[in-house]
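Right, one structure below, let's go through it.
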Amino acid sequence: MAENTHRMNGKICMVTGAASGIGAVTARALAQQGATVIIVDNNVGKGIATTQEIQQQTGNSAVEFFQTDLSSQNEIRQLSRQFLARYQRLDVLVNNAGAMFAERKESVDGIEMTLALNYLGYFLLTNLMLDTLKASAPARIVNVSSRSHARAKIHFEDMQFRSGYTALHAYERSKLAIVLFTFELARRLQGTGVTVNALHPGVVATNFGNGGKGALSFIMRLFRFSFLSPEQGAQTSIYLATSRKVEGVTGKYFVKCKPVPSSPASYDEATANRLWRWSEERTNLRVIA
């Protein structure tokens, strides 16, 4: 990857879900290239430990941890205020946080948890940071999705899986929502100098799914030996955050550092626009991108 990246000195980058897994690897790579890195995660112990570890490994002291529950809209707004009180620019936002929940639960805002964390958190944080990203242009937004989005459809009549909930179907729908959001945001940001792309990291051996029960947890453990390492899984995120080869590239879906077609459903502009309006309503946000 070294030949595809350039030094990030002077750049300010935020990576969510970065206390462990591919988020931590992404944060470390950005710090290694000289960037100021903001690690966002809800796990205080791991977040502080990872921040200190990255500082020691890279010799870059400009790595900071912001504890945030990314399923909570109030905490995301608080994160935005705290960040903007400290920093005047944001060059790269990597929306990486995500999880799968064996049983249906709701966030503090009454949103089904998979959707709240995996998608609405991206939507709200990104839009709260848009003015700063535009002012920092050229800037980049990187959204971690999954190949599993291809098995999903958006059902507006029951977005929150109040009936027929399964962990996998909720996860797949959240990942399709991310791709739809990415493409819609790219259309809205044309001419601003801010690019936005989505990616599939591969099936990665992280702590993802560790809190699950029953068949989900069993399957995750059974096939864990065949998963990619976090270092392998983070490569496309790092590439999209840093590579000169994707300067100006926007509205694409990447696998193994290459743009590939996403699912037919992900290109439905009417669905993407409706999802955007639905998301504005659920976050009490009116966006003029």
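By order in the structure tokens, chains are A, B, ...; within a chain, residues start at 1; ligands start at 1, following the order shown.
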Pick out the residues sitting within 9 Å of A:Phe65, and hand them over as a PyMOL selection string; count only C-alpha atoms, and ignore anything fewer than 6 positions along from it in its own chain. chain A and resi 19+37-41+44+47-48+50-51
Neighbour list for A:Ala167 as a VMD selection string, cut-off 7 Å, only C-alpha atoms, skip fewer than 3 positions in-chain: chain A and resid 100 to 103 170 to 171
List every residue of stretch 108-266 of chain A that DSSP, applied to the backbone of this structure, places in helix (DSSP H, G or I), and write the result as an MDAnalysis selection string. chainID A and resid 113:135 147:151 156:158 167:188 214:222 224:226 230:233 235:242 244:246 264:266
Could you give me, as a short mmCIF file (atom, residue, chain, number, x, y, z; two decimals) with C-alpha atoms, in the first residue's frame, the residues within 10 Å of stretch 274-283 of chain A, counting only C-alpha atoms and dropping anything in the same chain fewer than 2 positions from it?
data_model
loop_
_atom_site.label_atom_id
_atom_site.label_comp_id
_atom_site.auth_asym_id
_atom_site.auth_seq_id
_atom_site.Cartn_x
_atom_site.Cartn_y
_atom_site.Cartn_z
CA GLN A 73 -27.93 11.16 18.69
CA ASN A 74 -27.33 13.37 21.70
CA ASP A 109 -33.68 7.48 20.79
CA GLY A 110 -36.10 4.59 20.23
CA ILE A 111 -34.44 3.48 16.98
CA ALA A 116 -29.14 3.50 14.84
CA TYR A 119 -26.44 3.80 9.58
CA LEU A 120 -28.11 6.75 11.34
CA GLY A 121 -24.91 7.40 13.29
CA PHE A 123 -25.82 10.04 8.58
CA LEU A 124 -25.97 12.36 11.57
CA ASN A 127 -23.99 15.93 8.20
CA ILE A 154 -35.29 -1.09 2.03
CA PHE A 156 -40.00 1.85 4.62
CA MET A 159 -37.60 0.14 8.73
CA ALA A 177 -28.67 2.10 3.73
CA LEU A 180 -27.59 4.45 -0.68
CA PHE A 181 -26.55 7.29 1.64
CA GLU A 184 -26.96 10.31 -2.49
CA LEU A 185 -24.42 12.35 -0.54
CA GLU A 269 -32.16 7.33 -6.62
CA ALA A 270 -35.81 7.55 -5.59
CA THR A 271 -35.17 5.17 -2.70
CA ALA A 272 -32.00 7.04 -1.75
CA LEU A 285 -31.95 17.40 11.01
CA ARG A 286 -32.62 19.50 7.95
CA VAL A 287 -29.68 19.30 5.60
#
A:Phe83, A:Phe66, A:Phe183, A:Tyr253 ranked by distance to A:Gly45, top pick (using only C-alpha atoms): A:Phe66
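The interatomic distance for the pair atom CA of A:Asn197 and atom CA of A:Leu240 works out to 7.6 Å.
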